[in-house]
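Below is one structure, written out as C-alpha cells, with a few remarks after it.
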Amino acid sequence: MKVRAAVTFDNKDTFHFTELFLREPLEDEVLVKIQATGLCNCDLHYMHDNSQPYPIVMGHEGAGIIEKLGSKVTNFRVGDRVIIATNHCGKCQKCKEGLFYDCEKVMDYWVGNQVDRKSPLTLKSENGEEKEVTTFSCHATFADHAVVKACTLVKVEHDDVELKHVCFLGCCPITGAGSVFNYFKAKAGQSIVISRMGTVGLCCVMAAKIAGLSKIVAIDRHNEKLELARKFGATATINPVDDENLDGMTGDFDFAAESTGNKELSQKIDKHLQESTMRYDINGSVDWPFACIGNSIKDQFIPQMIEYFRQGKFPIDQFLTYYKFDDIEKAYNDLKNKKVIRPILLLD
C-alpha cells in the first residue's frame with residue numbers, strides 16, 4: 001500500500017513528505033494506522049548520526065489503530081488501540097527469561113536494523129527502481145501507517161484515554177518512571193536526585209512522588225523546568241549554573257538518576273553523592289550504570305502508567321504540545337530550540 005511519510009534523505013536533512021510503499025505484514029507483524037506520535041530528542045540525534053543508511057523514516061513513539069494482522073498474531077484484534085513500544089527478538093536467553101528490555105538485539109532494533117527481515121518500507125525512484133527505506137527503531141511512526149512486530153505493541157484498554165496523551169509512553173516515560181519503580185525499586189521514605197527536567201526527568205519526578213519518596217531533588221539549568229518539577233513533586237530544586245549551587249545537595253541520597261548526557265556535570269554531581277548512592281545513567285552516555293527503559297517489562301508497566309495517568313497521579317499531558325503532522329518541521333525546530341518539552345504530532 002502507499003503511505004505518506006516524513007522522510008530524511010541525508011545527515012544534514014530534516015523532513016520531506018514523500019510517498020512510499022509499505023508491504024503487507026509478515027506472519028508476526030501488524031499494520032497500524034498511526035494517530036499520534038511523539039517527537040523525541042533521540043529522533044533529533046539519530047536522524048543525523050549516520051548509524052543506518054539513508055533514506056530513513058524516524059519516529060518511535062507512536063500509537064494508533066490496528067488495521068491488519070499477520071497470520072500468526074493471536075493476541076490482538078483489528079480495531080485495537082495500541083501503543084508501539086520497544087522491540088525484542090524473542091529468541092535470545094534474556095527474552096526466554098522474560099527480560100525483554102535486556103534483549104541482545106535491542107540496540108540493533110533501536111537504530112533501525114530489522115535483524116531478520118527487510119524493511120517494510122521502500123521508495124520508488126524515477127526510473128522505477130525500488131530502494132529500501134530504513135525504519136528508525138523498526139517503527140517509523142512519522143508516517144500515516146506502520147508495519148511493526150506484534151511483540152512491540154501494548155493495548156490501550158480504556159476508552160477514556162486519548163492516544164495523543166499516551167502515544168509516547170514506550171520511550172521516555174517508561175524510562176523515567178521505570179527507573180524509580182523497576183531499576184531502583186524505590187520505597188516510601190527514600191531519597192533521590194534527578195538531573196535534567198526533560199520528559200524523562202519529569203516522569204522520574206512524578207514516579208518518585210507516587211512511590212512516596214521523602215526527598216526528591218531536581219537539577220536543571222532552566223528555571224521554568226524546575227518550576228514544573230516542583231509542580232510534579234520535587235521537594236527541592238537546583239540550578240547548576242554556578243558550581244556552588246550544587247552544594248545544596250546536602251544529606252544522603254539513596255538514588256541518583258542522570259539524564260543530561262553531560263559528563264562534566266555528572267562528575268560534579270557525583271562528587272556530592274555518597275558511595276552507597278545507587279546511580280543510574282538514563283541515556284547511557286556517562287560513566288554510571290545503564291539499563292534499557294529502566295528495566296521495565298512494557299506489557300506490565302505501560303498499563304500501570306496509564307492507570308496512574310487516569311488517576312491523576314501521572315499528569316504527563318501537562319507538558320505536551322500538539323502539532324499537525326504537516327507541521328513536523330516546526331515541531332522539530334521547537335524541540336531543538338528548547339521551546340517545548342515534548343511535541344506530539346497528530347495524524348488523525
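Going by the C-alpha cells order, chains are called A, B, ..., each with residues numbered from 1, while ligands are numbered from 1 in the order shown.
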Assign secondary structure with DSSP using the backbone only, and return the residues of region 82-283 of chain A in helix (DSSP H, G or I) as number ranges by chain. A: 93-96, 100-102, 106-111, 136-138, 150-152, 163-166, 172-183, 199-211, 223-232, 243-248, 263-271
Excluding region 257-268 of chain A and residues on its chain fewer than 3 positions from it, collect all residues at most 6 Å away from it, counting only C-alpha atoms, and give them as a list of chain:residue names.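 With the cut-off at 6 Å, the set is A:Ile194, A:Ser195, A:Arg196, A:Lys271, A:Tyr280, A:Asp281, A:Ile282, A:Asn283, A:Ser285, A:Val286.
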Residues just named, written with N, CA and C atoms as a short mmCIF file (atom, residue, chain, number, x, y, z; two decimals), in the first residue's frame:
data_model
loop_
_atom_site.label_atom_id
_atom_site.label_comp_id
_atom_site.auth_asym_id
_atom_site.auth_seq_id
_atom_site.Cartn_x
_atom_site.Cartn_y
_atom_site.Cartn_z
N ILE A 194 17.70 13.95 40.71
CA ILE A 194 17.46 13.70 39.30
C ILE A 194 17.97 14.90 38.51
N SER A 195 18.82 14.67 37.52
CA SER A 195 19.35 15.77 36.72
C SER A 195 18.67 15.83 35.35
N ARG A 196 18.34 17.02 34.95
CA ARG A 196 17.68 17.40 33.70
C ARG A 196 16.19 17.11 33.73
N LYS A 271 30.41 13.98 42.84
CA LYS A 271 31.25 14.36 43.98
C LYS A 271 30.41 14.65 45.22
N TYR A 280 22.18 5.73 38.28
CA TYR A 280 21.59 5.22 37.03
C TYR A 280 21.78 6.25 35.93
N ASP A 281 22.45 5.85 34.86
CA ASP A 281 22.65 6.70 33.68
C ASP A 281 21.53 6.42 32.70
N ILE A 282 20.54 7.29 32.66
CA ILE A 282 19.34 7.06 31.86
C ILE A 282 19.63 7.03 30.37
N ASN A 283 20.61 7.84 29.92
CA ASN A 283 20.89 7.93 28.49
C ASN A 283 21.99 7.01 28.01
N SER A 285 25.18 7.53 28.46
CA SER A 285 26.23 8.37 27.89
C SER A 285 27.23 8.92 28.91
N VAL A 286 27.10 8.56 30.18
CA VAL A 286 28.09 8.93 31.19
C VAL A 286 28.55 7.67 31.90
#
For Met197 (chain A), which of A:Phe142, A:Asp10, A:Asn127, A:Lys338 is the closest residue, counting only C-alpha atoms? A:Lys338
Fewer than 6 positions away in the same chain doesn't count, so skip those; otherwise give me all residues within 10 Å of region 221-234 of chain A, counting only C-alpha atoms, as a PyMOL selection string. chain A and resi 192-198+201-210+212-215+240-242+313-316+318-319+338+341
Let me see the file: selected residues, N, CA and C atoms, as an mmCIF file, in the first residue's frame.
data_model
loop_
_atom_site.group_PDB
_atom_site.id
_atom_site.type_symbol
_atom_site.label_atom_id
_atom_site.label_comp_id
_atom_site.auth_asym_id
_atom_site.auth_seq_id
_atom_site.Cartn_x
_atom_site.Cartn_y
_atom_site.Cartn_z
ATOM 1 N N ILE A 192 16.016 10.786 46.358
ATOM 2 C CA ILE A 192 16.564 10.710 45.003
ATOM 3 C C ILE A 192 16.955 12.096 44.521
ATOM 4 N N VAL A 193 18.001 12.166 43.712
ATOM 5 C CA VAL A 193 18.366 13.383 42.992
ATOM 6 C C VAL A 193 18.318 13.057 41.505
ATOM 7 N N ILE A 194 17.703 13.950 40.715
ATOM 8 C CA ILE A 194 17.458 13.704 39.296
ATOM 9 C C ILE A 194 17.973 14.896 38.507
ATOM 10 N N SER A 195 18.822 14.670 37.517
ATOM 11 C CA SER A 195 19.349 15.774 36.716
ATOM 12 C C SER A 195 18.668 15.828 35.355
ATOM 13 N N ARG A 196 18.336 17.025 34.954
ATOM 14 C CA ARG A 196 17.682 17.403 33.703
ATOM 15 C C ARG A 196 16.186 17.107 33.734
ATOM 16 N N MET A 197 15.433 18.191 33.636
ATOM 17 C CA MET A 197 13.979 18.080 33.708
ATOM 18 C C MET A 197 13.347 18.116 32.322
ATOM 19 N N GLY A 198 13.771 17.206 31.456
ATOM 20 C CA GLY A 198 13.072 16.960 30.207
ATOM 21 C C GLY A 198 11.972 15.945 30.471
ATOM 22 N N GLY A 201 13.226 13.141 32.940
ATOM 23 C CA GLY A 201 13.407 13.627 34.296
ATOM 24 C C GLY A 201 12.100 13.952 34.993
ATOM 25 N N LEU A 202 11.181 14.593 34.277
ATOM 26 C CA LEU A 202 9.891 14.933 34.879
ATOM 27 C C LEU A 202 9.082 13.684 35.205
ATOM 28 N N CYS A 203 9.156 12.681 34.339
ATOM 29 C CA CYS A 203 8.459 11.418 34.636
ATOM 30 C C CYS A 203 9.092 10.716 35.828
ATOM 31 N N CYS A 204 10.396 10.876 35.966
ATOM 32 C CA CYS A 204 11.102 10.324 37.115
ATOM 33 C C CYS A 204 10.620 11.009 38.401
ATOM 34 N N VAL A 205 10.455 12.330 38.345
ATOM 35 C CA VAL A 205 9.945 13.083 39.493
ATOM 36 C C VAL A 205 8.540 12.617 39.867
ATOM 37 N N MET A 206 7.655 12.500 38.876
ATOM 38 C CA MET A 206 6.287 12.051 39.135
ATOM 39 C C MET A 206 6.270 10.669 39.789
ATOM 40 N N ALA A 207 7.096 9.769 39.256
ATOM 41 C CA ALA A 207 7.136 8.412 39.800
ATOM 42 C C ALA A 207 7.655 8.412 41.230
ATOM 43 N N ALA A 208 8.652 9.259 41.495
ATOM 44 C CA ALA A 208 9.196 9.340 42.853
ATOM 45 C C ALA A 208 8.123 9.817 43.831
ATOM 46 N N LYS A 209 7.300 10.746 43.393
ATOM 47 C CA LYS A 209 6.202 11.208 44.247
ATOM 48 C C LYS A 209 5.190 10.086 44.476
ATOM 49 N N ILE A 210 4.825 9.378 43.407
ATOM 50 C CA ILE A 210 3.881 8.261 43.540
ATOM 51 C C ILE A 210 4.416 7.217 44.520
ATOM 52 N N GLY A 212 6.282 7.680 46.988
ATOM 53 C CA GLY A 212 6.334 8.183 48.352
ATOM 54 C C GLY A 212 7.712 8.554 48.847
ATOM 55 N N LEU A 213 8.640 8.862 47.921
ATOM 56 C CA LEU A 213 9.972 9.269 48.360
ATOM 57 C C LEU A 213 9.878 10.592 49.134
ATOM 58 N N SER A 214 10.662 10.721 50.180
ATOM 59 C CA SER A 214 10.542 11.889 51.052
ATOM 60 C C SER A 214 11.376 13.066 50.579
ATOM 61 N N LYS A 215 12.434 12.795 49.835
ATOM 62 C CA LYS A 215 13.274 13.877 49.301
ATOM 63 C C LYS A 215 13.495 13.637 47.816
ATOM 64 N N PRO A 240 22.264 24.429 38.357
ATOM 65 C CA PRO A 240 23.721 24.300 38.487
ATOM 66 C C PRO A 240 24.503 25.281 37.629
ATOM 67 N N VAL A 241 23.916 26.445 37.337
ATOM 68 C CA VAL A 241 24.612 27.428 36.509
ATOM 69 C C VAL A 241 25.934 27.834 37.159
ATOM 70 N N ASP A 242 25.967 27.823 38.491
ATOM 71 C CA ASP A 242 27.212 28.016 39.233
ATOM 72 C C ASP A 242 27.507 26.744 40.022
ATOM 73 N N LYS A 313 -2.345 10.880 38.919
ATOM 74 C CA LYS A 313 -1.059 10.837 39.617
ATOM 75 C C LYS A 313 0.138 10.986 38.681
ATOM 76 N N PHE A 314 -0.100 10.848 37.392
ATOM 77 C CA PHE A 314 0.974 10.854 36.394
ATOM 78 C C PHE A 314 0.552 11.796 35.265
ATOM 79 N N PRO A 315 0.525 13.116 35.528
ATOM 80 C CA PRO A 315 -0.080 14.091 34.603
ATOM 81 C C PRO A 315 0.815 14.465 33.419
ATOM 82 N N ILE A 316 1.173 13.475 32.639
ATOM 83 C CA ILE A 316 2.090 13.677 31.526
ATOM 84 C C ILE A 316 1.534 14.614 30.460
ATOM 85 N N GLN A 318 0.357 17.407 30.798
ATOM 86 C CA GLN A 318 0.567 18.809 31.145
ATOM 87 C C GLN A 318 1.855 19.400 30.575
ATOM 88 N N PHE A 319 2.724 18.563 29.998
ATOM 89 C CA PHE A 319 3.916 19.136 29.356
ATOM 90 C C PHE A 319 3.986 18.787 27.861
ATOM 91 N N LYS A 338 14.491 24.141 22.323
ATOM 92 C CA LYS A 338 14.042 24.028 23.709
ATOM 93 C C LYS A 338 12.851 24.929 24.034
ATOM 94 N N ILE A 341 8.763 20.866 25.668
ATOM 95 C CA ILE A 341 9.341 19.683 26.307
ATOM 96 C C ILE A 341 9.087 18.434 25.467
#
Among region 15-103 of chain A, which ones does DSSP assign to strand (DSSP E) (computed from the backbone)? Answer as a PyMOL selection string. chain A and resi 16-22+29-38+56-57+61-69+81-84
Exercise: Ile293 (chain A) partners within 7 Å, only C-alpha atoms, chain neighbours under 4 positions left out, as number ranges by chain: A: 101, 174-175, 178
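The shell of residues at most 7 Å from region 16-20 of chain A, with only C-alpha atoms counted and near chain neighbours (fewer than 6 positions) removed, consists of Lys2, Val3, Arg4, Ala5, Ala6, Val7, Thr8, Leu121, Thr122 and Leu123 of chain A.
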Given the selection you just returned, output its residues as a file containing C-alpha atoms, formatted as a PDB file, in the first residue's frame.
ATOM      1  CA  LYS A   2       1.041   3.610  -0.487  1.00  0.00           C
ATOM      2  CA  VAL A   3       1.774   5.696   2.595  1.00  0.00           C
ATOM      3  CA  ARG A   4       2.679   9.323   3.237  1.00  0.00           C
ATOM      4  CA  ALA A   5       5.818   9.662   5.323  1.00  0.00           C
ATOM      5  CA  ALA A   6       8.193  12.363   6.554  1.00  0.00           C
ATOM      6  CA  VAL A   7      11.466  11.096   5.071  1.00  0.00           C
ATOM      7  CA  THR A   8      15.030  12.139   5.941  1.00  0.00           C
ATOM      8  CA  LEU A 121       9.192   0.486   3.510  1.00  0.00           C
ATOM      9  CA  THR A 122      10.519   1.109   0.005  1.00  0.00           C
ATOM     10  CA  LEU A 123      10.885   4.164  -2.215  1.00  0.00           C
TER      11      LEU A 123
END
As a list in words, please: the residues near region 146-157 of chain A (cut-off 8 Å, only C-alpha atoms, same-chain neighbours under 6 positions excluded). Leu22, Arg23, Glu24, Pro25, Asp28, Glu29, Val30, Leu31, Val32, Lys33, Ile34, Val73, Asp80, Arg81, Val82, Ile83, Ile84, Ala85, Thr86, Asn87, His88, Pro120, Cys138, His139, Ala140, Lys298, Asp299, Ile302 and Pro303 of chain A
Give me a file of those residues, with C-alpha atoms, as a PDB file, in the first residue's frame.
ATOM      1  CA  LEU A  22       4.521  -0.259   2.660  1.00  0.00           C
ATOM      2  CA  ARG A  23       4.427  -4.037   2.252  1.00  0.00           C
ATOM      3  CA  GLU A  24       1.884  -6.371   3.822  1.00  0.00           C
ATOM      4  CA  PRO A  25       2.582  -7.501   7.416  1.00  0.00           C
ATOM      5  CA  ASP A  28       4.268 -11.945  13.286  1.00  0.00           C
ATOM      6  CA  GLU A  29       3.553  -8.335  12.300  1.00  0.00           C
ATOM      7  CA  VAL A  30       0.610  -5.950  12.255  1.00  0.00           C
ATOM      8  CA  LEU A  31      -0.421  -2.927  10.226  1.00  0.00           C
ATOM      9  CA  VAL A  32      -1.135   0.117  12.416  1.00  0.00           C
ATOM     10  CA  LYS A  33      -2.806   3.336  11.318  1.00  0.00           C
ATOM     11  CA  ILE A  34      -0.827   5.964  13.232  1.00  0.00           C
ATOM     12  CA  VAL A  73      -0.832 -12.891  15.533  1.00  0.00           C
ATOM     13  CA  ASP A  80      -7.485  -2.474  18.869  1.00  0.00           C
ATOM     14  CA  ARG A  81      -5.942   0.788  20.032  1.00  0.00           C
ATOM     15  CA  VAL A  82      -2.247   0.217  20.684  1.00  0.00           C
ATOM     16  CA  ILE A  83       0.967   1.899  21.767  1.00  0.00           C
ATOM     17  CA  ILE A  84       4.114   0.946  19.836  1.00  0.00           C
ATOM     18  CA  ALA A  85       6.979   0.306  22.262  1.00  0.00           C
ATOM     19  CA  THR A  86      10.413  -1.328  22.345  1.00  0.00           C
ATOM     20  CA  ASN A  87      11.326  -4.251  20.110  1.00  0.00           C
ATOM     21  CA  HIS A  88      12.880  -7.581  21.048  1.00  0.00           C
ATOM     22  CA  PRO A 120       8.711  -2.887   5.227  1.00  0.00           C
ATOM     23  CA  CYS A 138      11.983  -0.599  13.429  1.00  0.00           C
ATOM     24  CA  HIS A 139       8.879   1.548  13.951  1.00  0.00           C
ATOM     25  CA  ALA A 140       8.994   4.559  11.580  1.00  0.00           C
ATOM     26  CA  LYS A 298       6.487  -2.911  28.888  1.00  0.00           C
ATOM     27  CA  ASP A 299       3.437  -5.216  28.826  1.00  0.00           C
ATOM     28  CA  ILE A 302       2.780   0.699  30.404  1.00  0.00           C
ATOM     29  CA  PRO A 303      -0.716  -0.313  31.614  1.00  0.00           C
TER      30      PRO A 303
END
Ranking A:Leu345, A:Ile269, A:Leu44, A:Val180 by minimum distance to Tyr322 (chain A) and counting only C-alpha atoms, which one comes first? A:Leu345
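The shortest atom-to-atom distance to Cys103 (chain A), with only C-alpha atoms taken into account, belongs to A:Cys292 out of A:Cys292, A:Leu320, A:Val340, A:Val78.
Distance check against Ser119 (chain A) using only C-alpha atoms: of A:Asp102, A:Tyr46, A:Val217, A:Ile56, the minimum falls on A:Ile56.
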Closest of A:Phe184, A:Tyr109, A:Phe255, A:Tyr54 to Phe9 (chain A) - atom-to-atom distances counting only C-alpha atoms: A:Tyr54
